[in-house]
>>> print(open('structure_26.txt').read())   # compact mmCIF, C-alpha atoms and all ligand atoms
# COMPACT_ATOMS: atom_id res chain seq x y z
CA MET A 12 -30.23 -6.82 69.91
CA LYS A 13 -28.51 -6.43 73.27
CA MET A 14 -27.15 -9.65 74.78
CA PHE A 15 -27.42 -9.83 78.57
CA ARG A 16 -24.84 -11.56 80.76
CA ALA A 17 -26.31 -13.69 83.53
CA GLY A 18 -24.66 -15.50 86.45
CA ILE A 19 -26.21 -18.43 88.33
CA ILE A 20 -25.55 -18.59 92.08
CA GLY A 21 -26.21 -22.08 93.45
CA ALA A 22 -25.93 -24.80 90.84
CA GLY A 23 -27.97 -27.59 92.40
CA PHE A 24 -31.36 -28.87 91.23
CA ILE A 25 -32.95 -25.54 90.32
CA GLY A 26 -29.83 -23.59 89.31
CA ALA A 27 -29.39 -25.99 86.39
CA VAL A 28 -32.99 -25.38 85.28
CA HIS A 29 -32.35 -21.61 85.33
CA ALA A 30 -29.25 -22.03 83.15
CA GLU A 31 -31.05 -24.25 80.63
CA GLN A 32 -34.17 -22.10 80.35
CA LEU A 33 -32.26 -18.81 80.10
CA ARG A 34 -30.57 -20.15 76.98
CA ARG A 35 -33.97 -20.62 75.32
CA LEU A 36 -34.54 -16.84 75.42
CA GLY A 37 -31.78 -16.23 72.89
CA ASN A 38 -30.68 -12.84 74.27
CA VAL A 39 -29.07 -14.08 77.50
CA GLU A 40 -25.60 -15.55 77.79
CA VAL A 41 -25.09 -17.65 80.93
CA ALA A 42 -21.58 -16.29 81.55
CA ALA A 43 -20.66 -17.90 84.89
CA LEU A 44 -21.90 -19.77 87.92
CA THR A 45 -21.06 -19.90 91.59
CA ASN A 46 -21.30 -22.98 93.75
CA THR A 47 -19.67 -23.55 97.12
CA SER A 48 -18.50 -27.02 96.11
CA ASN A 49 -17.24 -28.39 92.76
CA ALA A 50 -17.85 -25.06 91.00
CA GLU A 51 -15.62 -25.82 88.01
CA GLN A 52 -17.07 -29.29 87.44
CA LYS A 53 -20.60 -27.88 87.69
CA ALA A 54 -19.76 -25.16 85.17
CA GLU A 55 -18.26 -27.71 82.81
CA ALA A 56 -21.29 -30.02 83.10
CA LEU A 57 -23.63 -27.13 82.21
CA PHE A 58 -21.29 -25.77 79.47
CA ILE A 59 -20.90 -22.49 81.39
CA PRO A 60 -17.52 -20.77 80.76
CA LYS A 61 -16.53 -20.07 84.41
CA GLY A 62 -17.22 -21.59 87.82
CA TYR A 63 -16.57 -19.60 91.03
CA LYS A 64 -16.59 -20.72 94.66
CA ASP A 65 -17.59 -17.28 96.00
CA TYR A 66 -20.43 -15.18 94.53
CA ARG A 67 -18.63 -11.94 95.39
CA GLU A 68 -15.70 -12.90 93.19
CA MET A 69 -18.06 -13.72 90.29
CA ILE A 70 -19.99 -10.45 90.67
CA ASP A 71 -16.78 -8.40 90.97
CA GLN A 72 -15.14 -9.97 87.90
CA GLU A 73 -17.84 -10.89 85.38
CA ASN A 74 -19.58 -7.64 84.38
CA LEU A 75 -22.98 -9.28 84.77
CA ASP A 76 -26.37 -7.72 84.03
CA CYS A 77 -28.31 -10.11 86.23
CA VAL A 78 -27.79 -12.86 88.81
CA HIS A 79 -30.14 -15.77 89.48
CA ILE A 80 -29.96 -16.72 93.16
CA CYS A 81 -30.67 -20.45 93.51
CA THR A 82 -29.04 -21.18 96.87
CA PRO A 83 -30.65 -22.36 100.14
CA ASN A 84 -33.11 -19.76 101.47
CA SER A 85 -31.01 -18.32 104.33
CA SER A 86 -28.38 -16.98 101.90
CA HIS A 87 -30.85 -15.22 99.55
CA PHE A 88 -30.80 -11.92 101.46
CA GLU A 89 -27.04 -11.35 101.69
CA ILE A 90 -26.42 -12.39 98.06
CA ALA A 91 -29.28 -10.24 96.70
CA GLU A 92 -28.13 -7.27 98.76
CA TYR A 93 -24.57 -7.61 97.45
CA ALA A 94 -25.72 -7.88 93.82
CA LEU A 95 -28.10 -4.89 94.05
CA ASN A 96 -25.39 -2.78 95.71
CA HIS A 97 -23.21 -3.60 92.69
CA GLY A 98 -25.90 -2.40 90.24
CA ILE A 99 -26.97 -5.89 89.13
CA HIS A 100 -30.57 -7.01 88.53
CA VAL A 101 -31.69 -9.98 90.62
CA VAL A 102 -33.89 -13.03 89.99
CA LEU A 103 -34.45 -14.70 93.33
CA GLU A 104 -35.72 -18.19 94.03
CA LYS A 105 -38.55 -18.61 96.51
CA PRO A 106 -39.06 -18.18 99.40
CA MET A 107 -37.57 -14.69 99.11
CA THR A 108 -35.74 -14.65 102.46
CA THR A 109 -36.13 -16.20 105.89
CA SER A 110 -37.78 -13.15 107.51
CA VAL A 111 -40.23 -10.38 106.62
CA GLU A 112 -37.67 -7.76 107.71
CA GLU A 113 -35.08 -9.00 105.19
CA ALA A 114 -37.69 -9.09 102.43
CA GLU A 115 -38.75 -5.50 103.23
CA LYS A 116 -35.12 -4.35 103.06
CA LEU A 117 -34.71 -5.89 99.60
CA VAL A 118 -37.94 -4.29 98.32
CA LYS A 119 -36.62 -0.91 99.51
CA LEU A 120 -33.13 -1.45 98.10
CA VAL A 121 -34.28 -2.55 94.63
CA LYS A 122 -36.41 0.63 94.37
CA GLU A 123 -33.55 2.87 95.52
CA LYS A 124 -31.21 1.31 92.95
CA ASN A 125 -33.88 1.40 90.20
CA LEU A 126 -33.15 -2.22 89.28
CA VAL A 127 -35.36 -5.21 88.50
CA GLY A 128 -36.00 -7.53 91.44
CA ALA A 129 -37.93 -10.62 90.36
CA MET A 130 -39.04 -13.84 92.02
CA ASN A 131 -39.34 -17.24 90.42
CA TYR A 132 -42.96 -18.04 91.26
CA ASN A 133 -42.85 -19.91 87.96
CA CYS A 134 -46.27 -21.63 88.33
CA ARG A 135 -47.92 -18.41 87.11
CA PHE A 136 -46.73 -19.40 83.64
CA TYR A 137 -48.32 -22.84 83.34
CA PRO A 138 -50.49 -22.09 80.30
CA MET A 139 -53.69 -23.64 81.67
CA ALA A 140 -53.34 -21.89 85.04
CA PHE A 141 -52.81 -18.69 83.05
CA GLN A 142 -55.94 -19.50 81.02
CA LEU A 143 -57.89 -19.83 84.28
CA ARG A 144 -56.72 -16.32 85.21
CA GLU A 145 -57.89 -14.95 81.86
CA MET A 146 -61.29 -16.64 82.28
CA ILE A 147 -61.74 -15.31 85.82
CA LYS A 148 -60.78 -11.79 84.65
CA ASN A 149 -63.33 -12.13 81.84
CA GLY A 150 -66.07 -13.03 84.36
CA ASP A 151 -66.54 -16.57 82.94
CA LEU A 152 -66.66 -18.11 86.44
CA GLY A 153 -68.82 -15.32 87.90
CA GLU A 154 -68.36 -14.25 91.50
CA ILE A 155 -65.77 -16.47 93.23
CA PHE A 156 -67.33 -18.42 96.13
CA THR A 157 -64.66 -20.99 97.11
CA ILE A 158 -61.10 -22.04 96.29
CA HIS A 159 -59.47 -25.29 97.35
CA GLY A 160 -56.48 -27.46 96.52
CA GLY A 161 -52.92 -27.61 97.70
CA TYR A 162 -49.50 -29.01 96.98
CA LEU A 163 -48.46 -32.62 97.67
CA GLN A 164 -45.05 -34.29 97.48
CA ASP A 165 -43.59 -37.51 98.91
CA TRP A 166 -39.84 -36.92 98.85
CA LEU A 167 -39.71 -36.42 102.66
CA LEU A 168 -41.99 -39.37 103.51
CA LEU A 169 -39.32 -41.58 105.11
CA GLU A 170 -37.38 -40.68 108.28
CA THR A 171 -34.23 -41.31 106.24
CA ASP A 172 -35.19 -38.56 103.75
CA TYR A 173 -33.05 -35.51 104.45
CA SER A 174 -32.22 -32.11 102.94
CA TRP A 175 -31.04 -28.65 104.04
CA ARG A 176 -34.76 -27.78 103.83
CA LEU A 177 -35.21 -29.61 107.19
CA GLU A 178 -32.85 -27.18 108.96
CA PRO A 179 -34.54 -23.89 110.02
CA SER A 180 -31.15 -22.12 110.00
CA LEU A 181 -30.99 -22.71 106.22
CA SER A 182 -34.66 -23.00 105.26
CA GLY A 183 -36.52 -20.66 107.65
CA GLU A 184 -39.27 -21.14 110.24
CA THR A 185 -41.73 -22.82 107.88
CA ARG A 186 -40.75 -25.70 105.64
CA ALA A 187 -43.70 -27.25 103.74
CA PHE A 188 -45.59 -23.96 103.46
CA GLY A 189 -42.55 -21.80 102.67
CA ASP A 190 -41.20 -24.29 100.15
CA ILE A 191 -44.31 -25.35 98.22
CA GLY A 192 -47.35 -23.74 99.89
CA THR A 193 -46.19 -20.29 98.76
CA HIS A 194 -46.30 -21.48 95.12
CA TRP A 195 -49.98 -22.39 95.64
CA LEU A 196 -50.87 -19.16 97.42
CA ASP A 197 -49.06 -16.97 94.89
CA LEU A 198 -51.04 -18.75 92.18
CA VAL A 199 -54.34 -18.28 94.05
CA GLU A 200 -53.86 -14.51 94.33
CA PHE A 201 -52.49 -14.29 90.76
CA THR A 202 -55.27 -16.26 89.05
CA THR A 203 -58.23 -14.91 91.03
CA GLY A 204 -57.02 -11.34 91.60
CA LEU A 205 -58.28 -11.73 95.20
CA LYS A 206 -56.22 -11.09 98.32
CA VAL A 207 -56.05 -13.19 101.46
CA ALA A 208 -57.53 -11.26 104.40
CA GLU A 209 -57.40 -13.83 107.24
CA VAL A 210 -55.78 -17.23 107.87
CA LEU A 211 -56.31 -20.17 110.24
CA ALA A 212 -53.61 -22.85 110.10
CA ASP A 213 -52.89 -26.24 111.62
CA PHE A 214 -49.68 -28.19 111.09
CA GLU A 215 -47.91 -31.38 112.11
CA ILE A 216 -44.38 -32.70 112.28
CA PHE A 217 -44.85 -36.45 111.75
CA HIS A 218 -41.14 -37.26 111.95
CA LYS A 219 -40.06 -35.59 115.22
CA THR A 220 -36.55 -36.83 114.50
CA ARG A 221 -34.96 -37.77 111.19
CA LYS A 222 -31.84 -39.58 110.13
CA LYS A 223 -29.41 -37.04 108.71
CA PRO A 224 -26.81 -38.26 106.22
CA LEU A 225 -23.23 -37.97 107.43
CA LYS A 226 -22.14 -36.81 103.97
CA ALA A 227 -23.54 -33.86 101.98
CA ILE A 228 -26.38 -34.47 99.50
CA GLU A 229 -28.34 -32.35 97.04
CA THR A 230 -32.11 -32.19 96.65
CA PHE A 231 -33.84 -35.41 95.53
CA SER A 232 -30.63 -37.47 95.65
CA GLY A 233 -31.00 -39.03 99.16
CA MET A 234 -32.18 -42.44 97.99
CA ALA A 235 -28.62 -43.57 97.23
CA LEU A 236 -27.49 -43.65 100.92
CA ARG A 237 -27.28 -46.69 103.27
CA PRO A 238 -28.50 -46.87 106.96
CA GLU A 239 -25.00 -46.61 108.45
CA ASP A 240 -24.51 -43.25 106.70
CA TYR A 241 -27.01 -41.42 109.03
CA GLU A 242 -27.23 -39.66 112.44
CA GLU A 243 -30.55 -38.96 114.28
CA VAL A 244 -31.52 -35.23 114.57
CA PRO A 245 -34.61 -33.39 115.96
CA ILE A 246 -36.98 -31.75 113.43
CA ALA A 247 -38.64 -28.36 114.11
CA THR A 248 -40.55 -27.56 110.90
CA GLU A 249 -43.83 -28.92 109.51
CA ASP A 250 -44.18 -31.98 107.24
CA TYR A 251 -47.84 -31.08 106.66
CA ILE A 252 -49.96 -27.97 106.98
CA THR A 253 -53.58 -27.19 106.26
CA VAL A 254 -54.83 -23.61 106.06
CA LEU A 255 -58.28 -21.98 105.89
CA PHE A 256 -58.43 -18.56 104.23
CA HIS A 257 -60.95 -15.72 104.05
CA LEU A 258 -60.42 -13.64 100.92
CA ASP A 259 -61.11 -9.94 100.51
CA ASN A 260 -64.31 -10.51 98.44
CA GLY A 261 -65.80 -12.82 101.10
CA ALA A 262 -64.69 -16.03 99.32
CA HIS A 263 -63.51 -18.97 101.43
CA ALA A 264 -60.48 -21.13 100.63
CA CYS A 265 -58.58 -24.08 102.03
CA CYS A 266 -55.41 -25.97 101.14
CA ASN A 267 -53.49 -29.10 102.14
CA ILE A 268 -49.74 -28.87 101.81
CA SER A 269 -47.70 -32.01 102.45
CA GLN A 270 -44.22 -33.34 101.77
CA VAL A 271 -45.13 -36.79 103.15
CA PHE A 272 -47.97 -37.87 100.80
CA ALA A 273 -46.88 -41.21 99.26
CA GLY A 274 -47.11 -41.38 95.51
CA ARG A 275 -47.67 -37.68 94.85
CA LYS A 276 -44.34 -36.53 93.48
CA ASN A 277 -45.11 -32.87 92.86
CA GLN A 278 -48.84 -32.21 92.53
CA MET A 279 -50.43 -28.81 92.79
CA ILE A 280 -54.23 -28.62 92.59
CA LEU A 281 -56.13 -25.37 92.15
CA ALA A 282 -59.92 -25.59 92.16
CA VAL A 283 -62.07 -22.47 91.96
CA ALA A 284 -65.86 -22.39 92.23
CA GLY A 285 -67.83 -19.34 91.12
CA SER A 286 -71.46 -18.31 90.68
CA LYS A 287 -71.44 -19.23 86.95
CA ALA A 288 -68.88 -22.07 86.61
CA SER A 289 -66.07 -23.84 88.40
CA ALA A 290 -62.54 -24.84 87.35
CA HIS A 291 -60.03 -27.52 88.30
CA TRP A 292 -56.34 -27.53 87.35
CA ASP A 293 -53.76 -30.20 88.29
CA SER A 294 -50.04 -29.56 87.76
CA GLU A 295 -49.41 -33.29 87.18
CA ASP A 296 -51.82 -33.07 84.24
CA SER A 297 -50.94 -29.50 83.50
CA ASN A 298 -51.93 -29.29 79.83
CA ASP A 299 -55.66 -29.58 80.63
CA LEU A 300 -58.13 -27.30 82.41
CA TRP A 301 -61.53 -28.67 83.51
CA ILE A 302 -64.47 -26.27 83.55
CA GLY A 303 -67.62 -27.39 85.38
CA ARG A 304 -71.08 -26.06 84.58
CA ARG A 305 -74.54 -26.55 86.11
CA GLU A 306 -76.86 -26.18 83.13
CA THR A 307 -74.75 -27.35 80.17
CA SER A 308 -71.98 -29.91 79.66
CA ASN A 309 -68.63 -29.52 81.31
CA ASP A 310 -65.55 -28.61 79.23
CA LEU A 311 -62.01 -29.92 79.16
CA TYR A 312 -59.80 -27.24 77.61
CA ALA A 313 -56.57 -28.45 76.01
CA LYS A 314 -53.31 -26.47 75.83
CA ASP A 315 -53.79 -25.38 72.26
CA PRO A 316 -53.01 -21.74 71.48
CA SER A 317 -55.52 -21.75 68.63
CA ILE A 318 -58.50 -22.28 70.98
CA LEU A 319 -57.44 -20.42 74.14
CA ALA A 320 -57.53 -16.75 75.12
CA PRO A 321 -55.09 -14.76 72.91
CA ARG A 322 -53.04 -13.71 75.96
CA THR A 323 -52.68 -17.36 77.03
CA GLY A 324 -51.38 -18.15 73.55
CA LYS A 325 -48.37 -15.95 74.23
CA VAL A 326 -47.22 -18.06 77.21
CA ILE A 327 -47.29 -21.23 75.09
CA SER A 328 -44.22 -22.30 73.10
CA TYR A 329 -45.59 -25.16 70.99
CA PRO A 330 -48.82 -26.14 69.17
CA GLY A 331 -51.57 -28.22 70.81
CA GLY A 332 -50.69 -31.84 71.57
CA HIS A 333 -47.03 -30.96 72.18
CA VAL A 334 -46.83 -31.23 75.95
CA GLU A 335 -45.32 -28.34 77.93
CA GLY A 336 -44.51 -28.28 81.62
CA PHE A 337 -42.30 -27.26 84.51
CA ALA A 338 -39.22 -26.06 82.59
CA ASP A 339 -41.31 -24.04 80.10
CA THR A 340 -42.79 -21.98 82.95
CA PHE A 341 -39.27 -20.74 83.77
CA LYS A 342 -38.71 -19.68 80.18
CA HIS A 343 -41.89 -17.60 80.13
CA ASN A 344 -41.21 -16.01 83.51
CA PHE A 345 -37.64 -15.14 82.44
CA LYS A 346 -38.91 -13.73 79.13
CA GLN A 347 -41.00 -11.17 81.02
CA ILE A 348 -38.22 -10.43 83.52
CA TYR A 349 -35.59 -9.80 80.82
CA ALA A 350 -38.04 -7.56 78.93
CA ALA A 351 -38.20 -5.45 82.11
CA ILE A 352 -34.38 -5.56 82.41
CA ALA A 353 -34.19 -4.34 78.79
CA GLY A 354 -36.29 -1.36 79.88
CA GLU A 355 -39.40 -2.53 78.02
CA LYS A 356 -42.78 -2.88 79.63
CA ALA A 357 -43.24 -6.57 80.51
CA GLU A 358 -46.44 -7.79 78.86
CA TYR A 359 -47.44 -10.01 81.80
CA ASP A 360 -47.23 -9.59 85.57
CA PHE A 361 -44.12 -11.50 86.51
CA PRO A 362 -43.56 -12.07 90.25
CA THR A 363 -41.56 -9.20 91.74
CA PHE A 364 -39.85 -8.62 95.07
CA GLU A 365 -43.23 -7.24 96.25
CA SER A 366 -44.75 -10.65 95.43
CA GLY A 367 -41.91 -12.29 97.40
CA LEU A 368 -42.54 -9.99 100.38
CA ARG A 369 -46.28 -10.73 100.19
CA GLU A 370 -45.55 -14.47 100.54
CA MET A 371 -43.16 -13.83 103.45
CA VAL A 372 -45.90 -11.86 105.28
CA LEU A 373 -48.43 -14.63 104.58
CA CYS A 374 -45.98 -17.28 105.86
CA GLU A 375 -45.41 -15.29 109.05
CA LYS A 376 -49.17 -15.01 109.69
CA ILE A 377 -49.79 -18.69 108.86
CA ILE A 378 -47.11 -19.89 111.27
CA GLN A 379 -48.40 -17.49 113.96
CA SER A 380 -51.93 -18.87 113.44
CA ALA A 381 -50.77 -22.50 113.70
CA ARG A 382 -48.86 -21.77 116.90
CA GLU A 383 -51.56 -19.64 118.55
CA LYS A 384 -54.44 -21.79 117.18
CA ARG A 385 -56.57 -18.81 116.07
CA TRP A 386 -57.53 -16.73 113.02
CA ILE A 387 -54.93 -14.07 112.16
CA THR A 388 -55.62 -10.97 110.05
CA VAL A 389 -53.28 -10.36 107.11
CA PRO A 390 -52.40 -6.68 106.52
N1 LIG B 1 -39.23 -22.40 91.70
C1 LIG B 1 -39.16 -23.68 91.93
O1 LIG B 1 -39.94 -24.46 91.37
C2 LIG B 1 -38.10 -24.23 92.84
C3 LIG B 1 -37.83 -25.60 92.86
C4 LIG B 1 -36.80 -26.07 93.69
C5 LIG B 1 -36.09 -25.19 94.49
N2 LIG B 1 -36.41 -23.87 94.48
C6 LIG B 1 -35.65 -22.94 95.37
O2 LIG B 1 -34.33 -22.84 94.86
C7 LIG B 1 -33.37 -22.74 95.91
C8 LIG B 1 -32.35 -23.89 95.79
O3 LIG B 1 -33.03 -25.12 95.88
P1 LIG B 1 -32.43 -26.47 95.22
O4 LIG B 1 -33.52 -27.47 95.30
O5 LIG B 1 -31.83 -26.17 93.90
O6 LIG B 1 -31.29 -26.83 96.28
P2 LIG B 1 -30.00 -27.75 96.04
O7 LIG B 1 -29.58 -28.18 97.38
O8 LIG B 1 -30.29 -28.79 95.00
O9 LIG B 1 -28.93 -26.75 95.40
C9 LIG B 1 -28.41 -25.63 96.11
C10 LIG B 1 -26.97 -25.41 95.60
O10 LIG B 1 -26.49 -24.16 96.14
C11 LIG B 1 -25.13 -24.36 96.54
N3 LIG B 1 -24.84 -23.33 97.55
C12 LIG B 1 -25.20 -23.29 98.85
N4 LIG B 1 -24.82 -22.12 99.41
C13 LIG B 1 -24.21 -21.42 98.44
C14 LIG B 1 -23.59 -20.14 98.39
N5 LIG B 1 -23.57 -19.31 99.46
N6 LIG B 1 -23.05 -19.72 97.22
C15 LIG B 1 -23.08 -20.51 96.13
N7 LIG B 1 -23.63 -21.74 96.11
C16 LIG B 1 -24.21 -22.18 97.25
C17 LIG B 1 -25.06 -25.79 97.03
O11 LIG B 1 -23.73 -26.29 96.99
C18 LIG B 1 -25.99 -26.49 96.03
O12 LIG B 1 -25.29 -26.94 94.89
C19 LIG B 1 -34.20 -22.76 97.20
O13 LIG B 1 -34.45 -21.45 97.63
C20 LIG B 1 -35.49 -23.43 96.80
O14 LIG B 1 -36.61 -23.06 97.59
C21 LIG B 1 -37.38 -23.38 93.67
>>> encode(input="structure_26.txt", output="structure tokens", more="lines below")
Ligand SMILES: NC(=O)c1ccc[n+]([C@@H]2O[C@H](COP(=O)([O-])OP(=O)(O)OC[C@H]3O[C@@H](n4cnc5c(N)ncnc54)[C@H](O)[C@@H]3O)[C@@H](O)[C@H]2O)c1
Amino acid sequence: MKMFRAGIIGAGFIGAVHAEQLRRLGNVEVAALTNTSNAEQKAEALFIPKGYKDYREMIDQENLDCVHICTPNSSHFEIAEYALNHGIHVVLEKPMTTSVEEAEKLVKLVKEKNLVGAMNYNCRFYPMAFQLREMIKNGDLGEIFTIHGGYLQDWLLLETDYSWRLEPSLSGETRAFGDIGTHWLDLVEFTTGLKVAEVLADFEIFHKTRKKPLKAIETFSGMALRPEDYEEVPIATEDYITVLFHLDNGAHACCNISQVFAGRKNQMILAVAGSKASAHWDSEDSNDLWIGRRETSNDLYAKDPSILAPRTGKVISYPGGHVEGFADTFKHNFKQIYAAIAGEKAEYDFPTFESGLREMVLCEKIIQSAREKRWITVP
């Protein structure tokens, strides 16, 4: 069995999850990481042999097969371009880039180099969301009429909450939608097989200014600071966004995306209503899938490979009753990606650079719609 050598670029919140879940595959050695600050300490903490300050140095020296880019969004393009030009496969965190043009360039480059370019839209691999996809494909819900739901968090509720995600130069033109809304929309198109045709969006910045910490912090660690540690800065990206969608089969959809919804830590809801049955899935209760029926009793499916669709069984690691969640979705996405890197046909549709570009186009149209206050057609 060939062992692959992977490098993690950006060892903050999500870089650590990549390192941990790659190890569960068994055929990937996490050989090195890059982080702009404290690289050696970060490597030591994650039991990774080498820590670099500059990704170029790591790529030039480590003979890697693949890099996982887990840095703030604005650096995704230049790092991915460098890796691909050095013949290295790329797994890129979402959102893909900060512009459609950059995303298009990466799609073109990965094809020219004949390498694997994958995105980490990991929510595709929540088993019960995957089960919903299998049921829709099988016609169990009938014709899809409506889709609703969204993604709610509260970690930016207070004006003292701060992150690089609040700075468009690092995060891009959209914040709430680019950061979490794209997870929801990728999942909508993945589970239903439908494509968004038109969008109408409305957003709000509730904190027009925020208090920025005077010292650097990483994601979800802001609560430790005191009032005197902040400066007041203007905010240009949305705390909240709601979007109406028309899908290519005539279905209607809507979502609420918010990073200022007290008490909801990280909740994605996907509800689909069809001509035969409806379904409701909640990421904070991710091991269940509710199926609603008109003429017989409703069902609550449990994450148990012995009772689900055979294909769903393959994205489950443990027997029923043994809860699986966020980290497991990374493992299953990476399993498909490394099968493709090994030259095998991946069994399941993992998110590719094309999926990343699709989300960038959707973000562009959604922001245009919110600014111009009108429906916008999606190509
Ligand atoms: N798929 C998911 O569920 C998920 C969840 C969270 C974050 N993300 C994405 O992952 C990326 C990182 O987010 P995070 O929450 O881990 O951020 P973070 O701030 O916790 O970590 C980012 C790390 O990258 C380092 N860094 C910055 N620029 C760098 C560079 N040029 N080279 C090397 N290291 C650099 C920083 O020092 C920091 O340690 C973002 O694109 C984000 O959207 C995805």
>>> residues_near_ligand(input="structure_26.txt", ligand="ligand LIG 1 (chain B)", cutoff="9 Å", atoms="all atoms listed in the file", output="PyMOL selection string")
chain A and resi 19-28+44-50+53+63-66+80-87+89-90+103-108+130-134+174-176+182+189-191+194+228-232+337-338+341
>>> residues_around(input="structure_26.txt", residues="Pro238 of chain A", least_positions_apart="5", cutoff="9 Å", atoms="only C-alpha atoms", output="VMD selection string")
chain A and resid 171 222 224
>>> atom_distance(input="structure_26.txt", atom1="atom CA of Glu209 of chain A", atom2="atom CA of Cys266 of chain A")
13.7 Å
>>> residues_around(input="structure_26.txt", residues="segment 381-390 of chain A", least_positions_apart="3", cutoff="7 Å", atoms="all atoms listed in the file", output="PyMOL selection string")
chain A and resi 207-214+373+376-378
>>> residues_near_point(input="structure_26.txt", point="(-47.3, -39.9, 90.8)", cutoff="10 Å", atoms="only C-alpha atoms", output="ChimeraX atom specification")
/A:164-165,273-278,295
>>> write_last_selection(input="structure_26.txt", atoms="C-alpha atoms", output="mmCIF file, in the coordinates of the input")
data_model
loop_
_atom_site.group_PDB
_atom_site.id
_atom_site.type_symbol
_atom_site.label_atom_id
_atom_site.label_comp_id
_atom_site.auth_asym_id
_atom_site.auth_seq_id
_atom_site.Cartn_x
_atom_site.Cartn_y
_atom_site.Cartn_z
ATOM 1 C CA GLN A 164 -45.050 -34.290 97.480
ATOM 2 C CA ASP A 165 -43.590 -37.510 98.910
ATOM 3 C CA ALA A 273 -46.880 -41.210 99.260
ATOM 4 C CA GLY A 274 -47.110 -41.380 95.510
ATOM 5 C CA ARG A 275 -47.670 -37.680 94.850
ATOM 6 C CA LYS A 276 -44.340 -36.530 93.480
ATOM 7 C CA ASN A 277 -45.110 -32.870 92.860
ATOM 8 C CA GLN A 278 -48.840 -32.210 92.530
ATOM 9 C CA GLU A 295 -49.410 -33.290 87.180
#
>>> atom_distance(input="structure_26.txt", atom1="atom CA of Ala351 of chain A", atom2="atom CA of Ser366 of chain A")
15.7 Å
>>> closest_residue(input="structure_26.txt", among="A:Ala42, A:Cys374, A:Met139, A:Ile348", to="Val334 of chain A", atoms="all atoms listed in the file")
A:Met139
>>> residues_around(input="structure_26.txt", residues="Thr203 of chain A", least_positions_apart="2", cutoff="12 Å", atoms="only C-alpha atoms", output="PyMOL selection string")
chain A and resi 135+140-158+196-201+205-207+258-260+262+264+281-285+290
